[in-house]
Amino acid sequence: MGIIEKSRKKSPWIIHYDCTSCNGCDIETLACLTPMYDVERFGIVNVGNPKHADVLVVTGSVNKKNVRVLKNIYDQMPDPKAVVAVGACACTGGVFKECYNIIGGVENVLPVDVYVPGCCPRPEAIMDGIVMALEKMNEKAKVKKK
Amino acid sequence: MTSILNLQNIITIIVAIVAAPIIGGFLSGVDRIISARMQNRYGPPILQPFYDFFKLLGKERITVNQTQMVYVLGHLFFSIVCIVMLVLKQDLLMIIFVLAFSSVSLIMGAMSVRSPYSKIGAQRELIQMMAYEPVLLLMVVGIYMTNKSFMISSIFENDRPLLFTLPLVFLTFIYVLTIKLRKSPFDFSTSHHGHQELIKGLTTEFSGPQLAIIELTHWYDLVLLLSLISLFFAKPIWVGIIIALVCYFLEMLIDNISARITWKLMLKLTWVIGIGAAMTNIIWLYLK
Amino acid sequence: MELKLLAVAILLPAVSAILCYIFRKAPVRNIIVVVTALIMFAVAGEFVKLLFDNGGKITIELRDFAAMSTELVIKILDFLLFIYFIFIGVRLKKPLIVGLTFLQLIPLLIFEILIRPKEVEQAFIIDYLSLIMILLVSIIGPIITIFAIGYMKEHEHHLHLKKSKQPRFFVILFVFLGSMNALVMTNNLMWLYFFWEVTTLCSFLLISHDGNKESVKNATRALLLNMLGGVGFILGIIIIYKVKETLALDQIARVESLADFGTIFPIGIGLLCFAGFTKSAQFPFQSWLLGAMVAPTPVSALLHSSTMVKAGVYLIVRLAPAYYGTTLGKVIAIVGGFTFLAGSAIAISQSNGKRVLAYSTIANLGLIVCCAGLGNPVALGAAILLIIFHAVSKGLLFLCVGTIEQGIGSRDIEDMQGLMKRMPFTAVITVIGMISMLLPPFGVLISKWLAIEASVERSPVVLILTILGSAFTVVFWAKWIGIILTMSYKTKIQGEKLSLSIRTALSILFIAVLACSVSVAPIFNKLILPHIINLQIVGDQYIEGINGGLWINGGVVGGFGIVYLFAVVFIVMLLVPIFMNKAKPETMKTPYLCGENTSDTRGIEFISPGDKIDHVIVRNYYLSGVFGESNLTLWTNLIAGAIILIMFGVVI
Ligand code: SF4
């Protein structure tokens, strides 16, 4: 494993986008940053800027209004990148699934790498999801190289 | 002055260019751990800045316009020139000007894109420059007043540490160091990990390798500024280094206990307190 | 030989002026302009050669008939000039102009008739300082006139004039250049005074060239302020003659004059410097130079770079040895330093490109005056260096802004966004011109650096003024450069249509800027150092150019020697990205707009609330609450006025 691959696994910077979440998942995501869970132990930093981010963490289901923004943010992230869908809503649409304005889970719009189920998922699960996304990111980078 | 480029100097230059970022990287690793501990967290591994750096290098090269890389490289190269001039013990005043060049280059890069965030960040960075530049120049003047020379080499010839003649200048220098390192409360042009201001302000539109280079430059600058601190106690140099490290710790402390202020307040504070104190010090040196 | 050369340098422009007046057809005029320019270049070159052959000083004595007739001609012209001033005053219904004319005319008459000054035998002396000025006038001046060929055509096209006023314009331009050349060569204070007034008149005529209300008003202001200086000048001459019994500049402006400081001599010097302040638009006299912006661009370029304002600082620098080390010198330094600070501060709040340039000129002139006031060898060196570098860079910048103005129809900085796309050639040159005003290793910064190093020893007040001013300069230039450099990814660069004359003028000056900066050490060693040595000023510090850099006391006190390193870094900085992009192009992404980008790749459009498409508009900070012109002008004028009063208080 080269130094870049190793670094990639050690320094995932995330951008957190809240689609149509009920805010439950957001609170849990932010809880990861608190001293209690301290994701910076794994080098995870929450950056607010897609151009610096490696992992897009999406909470909530996608609706017709914000799908454009979600896509734009994903587009502006440099490769290699990964998408983590956090919470039942982000995975499938969840309780909002049948609403008139909802498209569904994130997978309908973006290629999701890791699904973190739960309503809302525990911070441990979210962290686990992000770390799993890193493995996939390296794989993607390798595939792209070939 | 005729033979600056002899073998010994070339070796020093190479060592400095290689060693400075390594030291700088470690120091920012320590910074992140200590900050984390102050916030009651565990914190990242000490090598974290290097991981970040290499990860960024491995990312896709994206850009908003094709000229950005030029400015970023300018930012890096002129910081390296500063370090080289420092180890060659050249004119301190010129070092400050070249350092300004390095900052201006980054500002140009940030202004060259049509992005509101990076543009406003750049404007704020300019205001920061306007605030700290006079104080840095006054520091150099103070050093001249003591040694009757602008050359760094003269500092090493003087047995009496500068700190004794320039206590106020030293304090203001630590003060502008906070601005220069973009630490809270003066982190309004761009901010460090875990904070956000104007998205990422100045660096919003730089990503991947470009950001890596900016990070690298930051390490060079860190080393440069800390060595300027240690110049205040140049003999024996290890005392100076300890003082520099203590100051750096102080910076972290300030960073963690203060909230961001507005640029207007910063300008006022820096000019009134910073320039005022430094000038007081210099005037008493005149009268002596 | 010398005499012939001298005659050519002064009279050739006058002859060309007459020719321009006779042959009113544009093609003929263009040929006259180009030929005159070439001859002036050649004359300047000859002067360089001659001066070096003669060991740094050419003295030209006019004898018997020649002396008599020249003297007579100048006297007659002098009186004609005043009559014309009165005529202007009457025509414009400005009693003040008439009053100021009489204030000059009466002392002049008393002086000429009652006191009858002794003639100066060595009528013309050319030393290194004169040579530098001659080079600036006869190289930059003609380039600007060449530029004017293309510019004035466009200009009149815009104005829809029925009858071209160009012949008049070029006539005055040439007279201006000739009198500038004479002004820097003459050794007779009375003659200097005459040429001084000629430049005043020329600037009046040029500023009012367009003939509309605003330009006449501003030209009148310029005339008034400069005539105020003229009054100071003639009084100063009389006082100095009383003490020194001579009008020879080389007798007055030397270190030995310091012995006369017990008498009224310093008042005379102070008055001459006062005249210099008005001419080089020091605060509180800055308003005329700002008003001069209404004139066509070649005029402002000429006024700001090599002529007019440089005449003022020339006089002050020339007199520097006579007040070196005195309190008078210190106050002069403070006047200059204050102008530097105030000019730079107000420039921050300006969004009109030409006004920014004007304030920057005022500030730089202030720095020159400041250095002259400090007067030690290092400071004088810095002053002369700055005269050179500022003239070249500012000449270039004014021409650039003029070209941009014709290209985009605005001189507002904010409108220059995306200039890289519309006018790539001009934009690149403009940016490099601006960089040469503020960053190392270009000359202006080097002189600023020397100025700070020189003021450290001598005056803490000046020190803080220069340091703050230098921090402000960075801000307003950087803002402007940033705007010009703004561009989107791979925009289609459109070629711009520039006339040949504009293109040539810009290129020559651009090359001159680069050449001067690279060869700062030889320029200093060959031209400036010998001048300072000749002045025999005592000072424990000196500058010398070694290995392509400048060093104070051979590097013991300070120095800067990495000019070439900078060149290498610049090239690497440009080449690396180009090669990287050749190997593997970068991916284009739109700027971050909170994800609300539209399909527009430039990043100008975004989707605002209500799904409307809006434009991103970002303006620079102008900090007008702090540095606004209206806030500062009154106070700075009051303070500057007070400092000048202090100056006279000190000498009296
Ligand atoms: S998954 Fe549950 S907690 Fe999360 S956004 Fe949906 S409803 Fe809220």
# chains A, B, ... in the order shown; residues from 1 in each chain; ligands from 1
call {"tool": "residues_near_ligand", "arguments": {"ligand": "ligand 1", "cutoff": "8 Å", "atoms": "only C-alpha atoms and all ligand atoms", "output": "PyMOL selection string"}}
result
chain A and resi 20-26+59-61+86-90+93-96+117-121
call {"tool": "write_last_selection", "arguments": {"atoms": "all heavy atoms", "output": "tab-separated table (two decimals), in the first residue's frame"}}
result
chain	number	residue	atom	x	y	z
A	20	THR	N	-33.78	15.99	3.31
A	20	THR	CA	-35.06	16.25	3.95
A	20	THR	C	-35.11	15.52	5.27
A	20	THR	O	-36.02	14.76	5.54
A	20	THR	CB	-36.22	15.80	3.06
A	20	THR	OG1	-35.88	16.13	1.72
A	20	THR	CG2	-37.51	16.48	3.42
A	21	SER	N	-34.10	15.75	6.07
A	21	SER	CA	-34.02	15.01	7.32
A	21	SER	C	-34.95	15.63	8.35
A	21	SER	O	-35.32	16.79	8.25
A	21	SER	CB	-32.58	15.05	7.80
A	21	SER	OG	-32.53	14.95	9.18
A	22	CYS	N	-35.32	14.80	9.35
A	22	CYS	CA	-36.11	15.34	10.44
A	22	CYS	C	-35.19	15.95	11.47
A	22	CYS	O	-35.63	16.35	12.54
A	22	CYS	CB	-36.94	14.26	11.08
A	22	CYS	SG	-35.97	13.20	12.16
A	23	ASN	N	-33.88	16.00	11.16
A	23	ASN	CA	-32.81	16.53	12.02
A	23	ASN	C	-32.33	15.55	13.06
A	23	ASN	O	-31.34	15.81	13.73
A	23	ASN	CB	-33.20	17.83	12.73
A	23	ASN	CG	-33.04	19.03	11.80
A	23	ASN	OD1	-33.66	20.04	11.96
A	23	ASN	ND2	-32.20	18.89	10.80
A	24	GLY	N	-33.01	14.43	13.17
A	24	GLY	CA	-32.52	13.43	14.12
A	24	GLY	C	-31.16	12.93	13.70
A	24	GLY	O	-30.22	12.90	14.49
A	25	CYS	N	-31.03	12.59	12.43
A	25	CYS	CA	-29.76	12.05	11.95
A	25	CYS	C	-28.67	13.10	12.02
A	25	CYS	O	-27.52	12.78	12.28
A	25	CYS	CB	-29.91	11.57	10.52
A	25	CYS	SG	-30.83	10.07	10.40
A	26	ASP	N	-29.02	14.35	11.76
A	26	ASP	CA	-28.01	15.41	11.78
A	26	ASP	C	-27.41	15.54	13.17
A	26	ASP	O	-26.21	15.70	13.34
A	26	ASP	CB	-28.64	16.73	11.38
A	26	ASP	CG	-29.24	16.64	10.01
A	26	ASP	OD1	-28.50	16.21	9.11
A	26	ASP	OD2	-30.42	16.95	9.85
A	59	THR	N	-27.90	13.00	4.97
A	59	THR	CA	-28.96	12.56	5.87
A	59	THR	C	-30.29	12.96	5.26
A	59	THR	O	-30.39	13.98	4.60
A	59	THR	CB	-28.82	13.22	7.25
A	59	THR	OG1	-28.84	14.64	7.06
A	59	THR	CG2	-27.56	12.83	7.94
A	60	GLY	N	-31.30	12.15	5.50
A	60	GLY	CA	-32.64	12.50	5.01
A	60	GLY	C	-32.84	12.08	3.57
A	60	GLY	O	-31.88	11.85	2.82
A	61	SER	N	-34.12	12.04	3.17
A	61	SER	CA	-34.44	11.59	1.82
A	61	SER	C	-34.33	12.77	0.85
A	61	SER	O	-34.41	13.92	1.24
A	61	SER	CB	-35.85	11.02	1.79
A	61	SER	OG	-36.70	11.89	2.51
A	86	VAL	N	-26.80	8.24	5.55
A	86	VAL	CA	-26.97	8.03	6.99
A	86	VAL	C	-28.45	8.09	7.36
A	86	VAL	O	-29.12	9.09	7.08
A	86	VAL	CB	-26.18	9.08	7.78
A	86	VAL	CG1	-26.56	9.04	9.26
A	86	VAL	CG2	-24.70	8.86	7.63
A	87	GLY	N	-28.95	7.02	7.92
A	87	GLY	CA	-30.33	6.99	8.39
A	87	GLY	C	-31.25	6.32	7.40
A	87	GLY	O	-30.96	6.22	6.20
A	88	ALA	N	-32.38	5.89	7.92
A	88	ALA	CA	-33.35	5.18	7.09
A	88	ALA	C	-33.82	6.03	5.93
A	88	ALA	O	-33.99	5.56	4.81
A	88	ALA	CB	-34.53	4.75	7.96
A	89	CYS	N	-34.03	7.31	6.22
A	89	CYS	CA	-34.52	8.18	5.16
A	89	CYS	C	-33.54	8.26	4.01
A	89	CYS	O	-33.92	8.19	2.84
A	89	CYS	CB	-34.74	9.59	5.69
A	89	CYS	SG	-36.02	9.68	6.91
A	90	ALA	N	-32.25	8.44	4.31
A	90	ALA	CA	-31.27	8.56	3.26
A	90	ALA	C	-31.12	7.25	2.51
A	90	ALA	O	-30.80	7.23	1.32
A	90	ALA	CB	-29.93	8.98	3.86
A	93	GLY	N	-35.66	6.45	1.83
A	93	GLY	CA	-36.77	7.40	1.81
A	93	GLY	C	-37.48	7.39	3.15
A	93	GLY	O	-38.13	8.36	3.52
A	94	GLY	N	-37.37	6.28	3.87
A	94	GLY	CA	-37.85	6.19	5.23
A	94	GLY	C	-39.31	6.55	5.38
A	94	GLY	O	-40.13	6.26	4.51
A	95	VAL	N	-39.62	7.21	6.46
A	95	VAL	CA	-41.01	7.55	6.74
A	95	VAL	C	-41.57	8.53	5.74
A	95	VAL	O	-42.76	8.68	5.61
A	95	VAL	CB	-41.16	8.12	8.17
A	95	VAL	CG1	-41.01	7.06	9.21
A	95	VAL	CG2	-40.20	9.26	8.38
A	96	PHE	N	-40.69	9.25	5.05
A	96	PHE	CA	-41.18	10.26	4.10
A	96	PHE	C	-41.43	9.68	2.72
A	96	PHE	O	-41.84	10.38	1.81
A	96	PHE	CB	-40.17	11.40	3.97
A	96	PHE	CG	-39.86	12.07	5.28
A	96	PHE	CD1	-38.60	11.97	5.85
A	96	PHE	CD2	-40.85	12.79	5.93
A	96	PHE	CE1	-38.32	12.59	7.05
A	96	PHE	CE2	-40.55	13.42	7.14
A	96	PHE	CZ	-39.29	13.31	7.71
A	117	PRO	N	-28.04	2.22	8.26
A	117	PRO	CA	-29.46	2.22	8.60
A	117	PRO	C	-29.70	2.64	10.02
A	117	PRO	O	-28.76	2.74	10.83
A	117	PRO	CB	-29.87	0.77	8.38
A	117	PRO	CG	-28.61	-0.01	8.59
A	117	PRO	CD	-27.45	0.89	8.27
A	118	GLY	N	-30.93	2.88	10.34
A	118	GLY	CA	-31.29	3.28	11.70
A	118	GLY	C	-32.09	4.53	11.65
A	118	GLY	O	-31.99	5.32	10.73
A	119	CYS	N	-32.91	4.72	12.69
A	119	CYS	CA	-33.71	5.94	12.72
A	119	CYS	C	-33.73	6.45	14.14
A	119	CYS	O	-34.59	6.10	14.89
A	119	CYS	CB	-35.12	5.65	12.22
A	119	CYS	SG	-36.20	7.08	12.32
A	120	CYS	N	-32.78	7.19	14.55
A	120	CYS	CA	-31.59	7.50	13.79
A	120	CYS	C	-30.45	6.58	14.17
A	120	CYS	O	-30.46	6.04	15.26
A	120	CYS	CB	-31.20	8.93	14.09
A	120	CYS	SG	-31.57	9.38	15.78
A	121	PRO	N	-29.45	6.43	13.31
A	121	PRO	CA	-28.33	5.55	13.64
A	121	PRO	C	-27.50	6.12	14.79
A	121	PRO	O	-27.43	7.34	14.97
A	121	PRO	CB	-27.52	5.51	12.35
A	121	PRO	CG	-28.02	6.60	11.50
A	121	PRO	CD	-29.33	7.05	12.00
call {"tool": "interface_residues", "arguments": {"of": "chain A", "to": "chain C", "cutoff": "7 Å", "atoms": "only C-alpha atoms", "output": "number ranges by chain"}}
result
A: 69-70, 72-73, 76
call {"tool": "closest_residue", "arguments": {"among": "A:Met36, A:Ile14, A:Val62, A:Ile126", "to": "Asn49 of chain A", "atoms": "only C-alpha atoms"}}
result
A:Ile14
call {"tool": "interface_residues", "arguments": {"of": "chain B", "to": "chain A", "cutoff": "12 Å", "atoms": "only C-alpha atoms", "output": "short mmCIF file (atom, residue, chain, number, x, y, z; two decimals) with C-alpha atoms, in the first residue's frame"}}
result
data_model
loop_
_atom_site.label_atom_id
_atom_site.label_comp_id
_atom_site.auth_asym_id
_atom_site.auth_seq_id
_atom_site.Cartn_x
_atom_site.Cartn_y
_atom_site.Cartn_z
CA GLY B 29 0.29 17.84 14.47
CA ARG B 32 -4.03 19.59 16.75
CA ILE B 33 -3.43 17.16 19.58
CA SER B 35 -6.08 21.72 20.90
CA ALA B 36 -8.04 18.48 21.11
CA ARG B 37 -6.88 17.92 24.66
CA MET B 38 -7.87 21.42 25.59
CA GLN B 39 -11.31 20.64 24.26
CA ASN B 40 -11.37 17.44 26.26
CA ARG B 41 -10.93 15.27 23.19
CA TYR B 42 -8.40 12.65 22.35
CA GLY B 43 -7.22 14.17 19.10
CA PRO B 44 -5.68 12.79 15.92
CA PRO B 45 -2.32 11.06 15.64
CA ILE B 46 0.68 13.33 15.52
CA LEU B 47 1.32 12.43 11.89
CA GLN B 48 -2.15 13.58 10.91
CA PRO B 49 -0.99 16.71 9.00
CA PHE B 50 1.22 14.51 6.85
CA TYR B 51 -1.63 12.12 6.16
CA ASP B 52 -3.76 15.04 5.14
CA PHE B 53 -1.00 16.36 2.94
CA PHE B 54 -0.40 13.13 1.08
CA LYS B 55 -4.07 12.42 0.73
CA LEU B 56 -4.55 15.82 -0.86
CA LEU B 57 -1.65 15.16 -3.21
CA GLY B 58 -3.35 12.00 -4.36
CA LYS B 59 -6.62 13.66 -5.17
CA GLU B 60 -7.90 14.61 -8.55
CA ARG B 61 -6.60 17.94 -9.79
CA ILE B 62 -9.62 20.15 -10.07
CA THR B 63 -9.61 23.83 -10.70
CA VAL B 64 -11.86 26.75 -11.43
CA TYR B 117 -16.39 33.19 -0.74
CA SER B 118 -12.81 33.13 -1.85
CA THR B 190 -9.98 31.40 6.37
CA SER B 191 -10.02 29.04 9.30
CA HIS B 192 -8.40 25.91 10.54
CA HIS B 193 -9.74 22.44 10.99
CA GLY B 194 -12.96 22.17 12.83
CA HIS B 195 -13.83 25.81 12.25
CA GLN B 196 -15.63 27.36 9.36
CA GLU B 197 -15.69 30.91 8.14
CA LEU B 198 -16.98 31.97 4.74
CA ILE B 199 -17.08 28.25 3.87
CA LYS B 200 -13.29 28.13 3.82
CA GLY B 201 -12.67 31.74 2.89
CA LEU B 202 -9.45 32.30 1.05
CA THR B 203 -8.92 28.59 0.34
CA THR B 204 -12.44 27.72 -0.74
CA GLU B 205 -11.59 27.25 -4.38
CA PHE B 206 -8.30 25.47 -3.91
CA SER B 207 -8.47 21.72 -3.65
CA GLY B 208 -6.42 18.57 -3.95
CA PRO B 209 -2.75 19.20 -4.72
CA GLN B 210 -3.25 22.96 -4.63
CA LEU B 211 -4.51 22.76 -1.09
CA ALA B 212 -1.66 20.45 -0.25
#
call {"tool": "residues_around", "arguments": {"residues": "segment 78-90 of chain B", "least_positions_apart": "3", "cutoff": "10 Å", "atoms": "only C-alpha atoms", "output": "ChimeraX atom specification"}}
result
/B:1,4-5,9-10,12-17,20-21,73-75,93-103,105,150-156,216-221,223-225,227-228 /C:555-562,565-566,569-570
call {"tool": "residues_around", "arguments": {"residues": "Ile446 of chain C", "least_positions_apart": "4", "cutoff": "12 Å", "atoms": "only C-alpha atoms", "output": "count of residues only"}}
result
41
call {"tool": "select_by_dssp", "arguments": {"residues": "segment 581-622 of chain C", "states": "strand (DSSP E)", "output": "JSON, numbers by chain"}}
result
{"C": [587, 588, 605, 606, 607, 608, 612, 613, 614, 615]}
call {"tool": "write_last_selection", "arguments": {"atoms": "N, CA and C atoms", "output": "compact mmCIF listing (two decimals), in the first residue's frame"}}
result
# COMPACT_ATOMS: atom_id res chain seq x y z
N THR C 587 -9.22 19.02 -14.13
CA THR C 587 -10.65 18.96 -14.40
C THR C 587 -11.27 20.28 -13.99
N MET C 588 -12.14 20.79 -14.82
CA MET C 588 -12.76 22.05 -14.49
C MET C 588 -13.96 21.84 -13.58
N GLU C 605 -23.66 32.76 -12.71
CA GLU C 605 -25.09 32.68 -12.40
C GLU C 605 -25.35 31.71 -11.27
N PHE C 606 -26.35 32.02 -10.48
CA PHE C 606 -26.79 31.07 -9.46
C PHE C 606 -28.30 31.16 -9.31
N ILE C 607 -28.88 30.13 -8.69
CA ILE C 607 -30.32 30.10 -8.55
C ILE C 607 -30.69 30.68 -7.21
N SER C 608 -31.40 31.77 -7.24
CA SER C 608 -31.72 32.45 -5.99
C SER C 608 -33.09 31.98 -5.53
N LYS C 612 -35.27 31.97 -9.29
CA LYS C 612 -34.83 32.97 -10.26
C LYS C 612 -33.35 32.77 -10.52
N ILE C 613 -32.92 33.15 -11.70
CA ILE C 613 -31.48 33.08 -11.97
C ILE C 613 -30.89 34.47 -11.76
N ASP C 614 -29.94 34.54 -10.87
CA ASP C 614 -29.32 35.82 -10.55
C ASP C 614 -27.84 35.78 -10.84
N HIS C 615 -27.24 36.96 -10.83
CA HIS C 615 -25.80 37.03 -11.06
C HIS C 615 -25.06 37.22 -9.75
call {"tool": "select_by_dssp", "arguments": {"residues": "segment 17-203 of chain B", "states": "helix (DSSP H, G or I)", "output": "PyMOL selection string"}}
result
chain B and resi 17-38+48-57+68-87+92-111+116-147+152-157+162-165+167-180+201-203
call {"tool": "write_last_selection", "arguments": {"atoms": "C-alpha atoms", "output": "short mmCIF file (atom, residue, chain, number, x, y, z; two decimals), in the first residue's frame"}}
result
data_model
loop_
_atom_site.label_atom_id
_atom_site.label_comp_id
_atom_site.auth_asym_id
_atom_site.auth_seq_id
_atom_site.Cartn_x
_atom_site.Cartn_y
_atom_site.Cartn_z
CA ILE B 17 14.26 23.39 2.62
CA VAL B 18 13.84 19.74 3.55
CA ALA B 19 13.70 20.09 7.30
CA ALA B 20 11.41 23.11 7.58
CA PRO B 21 8.22 21.42 6.35
CA ILE B 22 8.90 18.33 8.43
CA ILE B 23 9.25 20.41 11.56
CA GLY B 24 6.30 22.53 10.56
CA GLY B 25 4.17 19.45 9.94
CA PHE B 26 5.03 17.98 13.30
CA LEU B 27 4.31 21.24 15.02
CA SER B 28 0.87 21.46 13.48
CA GLY B 29 0.29 17.84 14.47
CA VAL B 30 1.16 18.77 18.02
CA ASP B 31 -1.10 21.78 17.68
CA ARG B 32 -4.03 19.59 16.75
CA ILE B 33 -3.43 17.16 19.58
CA ILE B 34 -3.03 19.87 22.18
CA SER B 35 -6.08 21.72 20.90
CA ALA B 36 -8.04 18.48 21.11
CA ARG B 37 -6.88 17.92 24.66
CA MET B 38 -7.87 21.42 25.59
CA GLN B 48 -2.15 13.58 10.91
CA PRO B 49 -0.99 16.71 9.00
CA PHE B 50 1.22 14.51 6.85
CA TYR B 51 -1.63 12.12 6.16
CA ASP B 52 -3.76 15.04 5.14
CA PHE B 53 -1.00 16.36 2.94
CA PHE B 54 -0.40 13.13 1.08
CA LYS B 55 -4.07 12.42 0.73
CA LEU B 56 -4.55 15.82 -0.86
CA LEU B 57 -1.65 15.16 -3.21
CA GLN B 68 -4.73 29.03 -9.93
CA MET B 69 -1.75 26.69 -9.73
CA VAL B 70 0.59 29.53 -10.70
CA TYR B 71 -0.38 31.61 -7.69
CA VAL B 72 -0.23 28.65 -5.36
CA LEU B 73 3.26 27.84 -6.53
CA GLY B 74 4.21 31.49 -6.09
CA HIS B 75 2.92 31.29 -2.55
CA LEU B 76 5.10 28.27 -1.89
CA PHE B 77 8.23 29.41 -3.66
CA PHE B 78 8.41 32.80 -2.06
CA SER B 79 7.99 31.28 1.36
CA ILE B 80 10.88 29.00 0.53
CA VAL B 81 12.88 32.02 -0.60
CA CYS B 82 12.20 33.52 2.83
CA ILE B 83 13.51 30.43 4.57
CA VAL B 84 16.58 30.45 2.36
CA MET B 85 17.23 34.10 3.11
CA LEU B 86 16.78 33.33 6.78
CA VAL B 87 19.35 30.56 6.92
CA LEU B 92 15.49 40.94 7.68
CA LEU B 93 13.50 43.78 6.16
CA MET B 94 13.69 42.17 2.75
CA ILE B 95 12.53 38.87 4.24
CA ILE B 96 9.40 40.59 5.50
CA PHE B 97 8.76 42.04 2.05
CA VAL B 98 9.25 38.69 0.37
CA LEU B 99 6.93 37.12 2.91
CA ALA B 100 4.36 39.73 1.92
CA PHE B 101 4.88 38.73 -1.68
CA SER B 102 4.11 35.15 -0.79
CA SER B 103 0.84 36.18 0.88
CA VAL B 104 -0.11 38.49 -1.97
CA SER B 105 0.39 35.63 -4.37
CA LEU B 106 -2.17 33.51 -2.54
CA ILE B 107 -4.54 36.44 -2.36
CA MET B 108 -4.24 36.90 -6.10
CA GLY B 109 -5.05 33.24 -6.57
CA ALA B 110 -8.13 33.53 -4.40
CA MET B 111 -9.25 36.69 -6.18
CA PRO B 116 -17.80 35.13 -3.67
CA TYR B 117 -16.39 33.19 -0.74
CA SER B 118 -12.81 33.13 -1.85
CA LYS B 119 -12.99 36.75 -2.99
CA ILE B 120 -14.26 38.01 0.32
CA GLY B 121 -11.72 35.83 2.06
CA ALA B 122 -9.02 37.43 -0.04
CA GLN B 123 -10.22 40.92 0.83
CA ARG B 124 -10.15 40.07 4.49
CA GLU B 125 -6.71 38.62 4.16
CA LEU B 126 -5.61 41.91 2.62
CA ILE B 127 -7.00 43.72 5.61
CA GLN B 128 -5.09 41.36 7.85
CA MET B 129 -1.95 42.15 5.91
CA MET B 130 -2.61 45.82 6.33
CA ALA B 131 -2.81 45.23 10.05
CA TYR B 132 0.22 43.06 10.63
CA GLU B 133 2.62 44.38 8.01
CA PRO B 134 3.49 47.63 9.86
CA VAL B 135 4.05 45.74 13.08
CA LEU B 136 6.39 43.28 11.39
CA LEU B 137 8.28 46.16 9.83
CA LEU B 138 8.50 47.90 13.18
CA MET B 139 9.91 44.73 14.68
CA VAL B 140 12.66 44.78 12.09
CA VAL B 141 13.28 48.44 12.81
CA GLY B 142 13.55 47.65 16.50
CA ILE B 143 16.12 45.00 15.74
CA TYR B 144 18.03 47.52 13.67
CA MET B 145 17.96 50.01 16.51
CA THR B 146 19.62 47.48 18.74
CA ASN B 147 22.16 46.05 16.35
CA ILE B 152 20.27 38.57 10.63
CA SER B 153 23.92 37.72 10.97
CA SER B 154 24.34 40.79 13.17
CA ILE B 155 21.87 39.36 15.65
CA PHE B 156 24.13 36.41 16.18
CA GLU B 157 27.09 38.68 16.71
CA LEU B 162 17.18 41.27 21.77
CA LEU B 163 14.44 40.46 24.24
CA PHE B 164 16.04 42.73 26.82
CA THR B 165 15.96 45.80 24.61
CA PRO B 167 10.27 43.58 25.25
CA LEU B 168 7.26 45.45 23.86
CA VAL B 169 8.17 44.70 20.28
CA PHE B 170 8.41 41.06 21.25
CA LEU B 171 4.93 41.13 22.74
CA THR B 172 3.42 42.80 19.68
CA PHE B 173 5.15 40.29 17.50
CA ILE B 174 3.46 37.46 19.36
CA TYR B 175 0.25 39.36 18.93
CA VAL B 176 0.55 39.65 15.15
CA LEU B 177 1.68 36.05 15.01
CA THR B 178 -1.90 35.15 15.87
CA ILE B 179 -3.06 37.12 12.85
CA LYS B 180 -0.39 35.75 10.59
CA GLY B 201 -12.67 31.74 2.89
CA LEU B 202 -9.45 32.30 1.05
CA THR B 203 -8.92 28.59 0.34
#
call {"tool": "residues_around", "arguments": {"residues": "segment 167-177 of chain C", "least_positions_apart": "2", "cutoff": "7 Å", "atoms": "only C-alpha atoms", "output": "PyMOL selection string"}}
result
chain C and resi 13-14+16-18+20-21+24+137+141+165+179-181+199+202
call {"tool": "residues_around", "arguments": {"residues": "Leu38 of chain C", "least_positions_apart": "4", "cutoff": "12 Å", "atoms": "only C-alpha atoms", "output": "JSON, numbers by chain"}}
result
{"C": [9, 12, 13, 31, 32, 33, 34, 42, 43, 44, 45, 138, 139, 140, 141, 142, 143, 145, 146]}
call {"tool": "closest_residue", "arguments": {"among": "C:Leu51, C:Leu419, C:Ile532, C:Ile387", "to": "chain B", "atoms": "only C-alpha atoms"}}
result
C:Leu419
call {"tool": "closest_residue", "arguments": {"among": "C:Gly353, C:Pro266, C:Gly469, C:Gly229", "to": "Gln282 of chain C", "atoms": "only C-alpha atoms"}}
result
C:Gly229
call {"tool": "residues_around", "arguments": {"residues": "Glu28 of chain A", "least_positions_apart": "4", "cutoff": "7 Å", "atoms": "only C-alpha atoms", "output": "VMD selection string"}}
result
chain A and resid 24 32 122 to 123
call {"tool": "closest_residue", "arguments": {"among": "B:Ile254, B:Ile282, B:Leu7, B:Leu231", "to": "chain C", "atoms": "only C-alpha atoms"}}
result
B:Ile282
call {"tool": "atom_distance", "arguments": {"atom1": "atom CA of Lys148 of chain B", "atom2": "atom CA of Gly274 of chain B"}}
result
22.9 Å
call {"tool": "atom_distance", "arguments": {"atom1": "atom CA of Tyr621 of chain C", "atom2": "atom CA of Trp635 of chain C"}}
result
22.4 Å
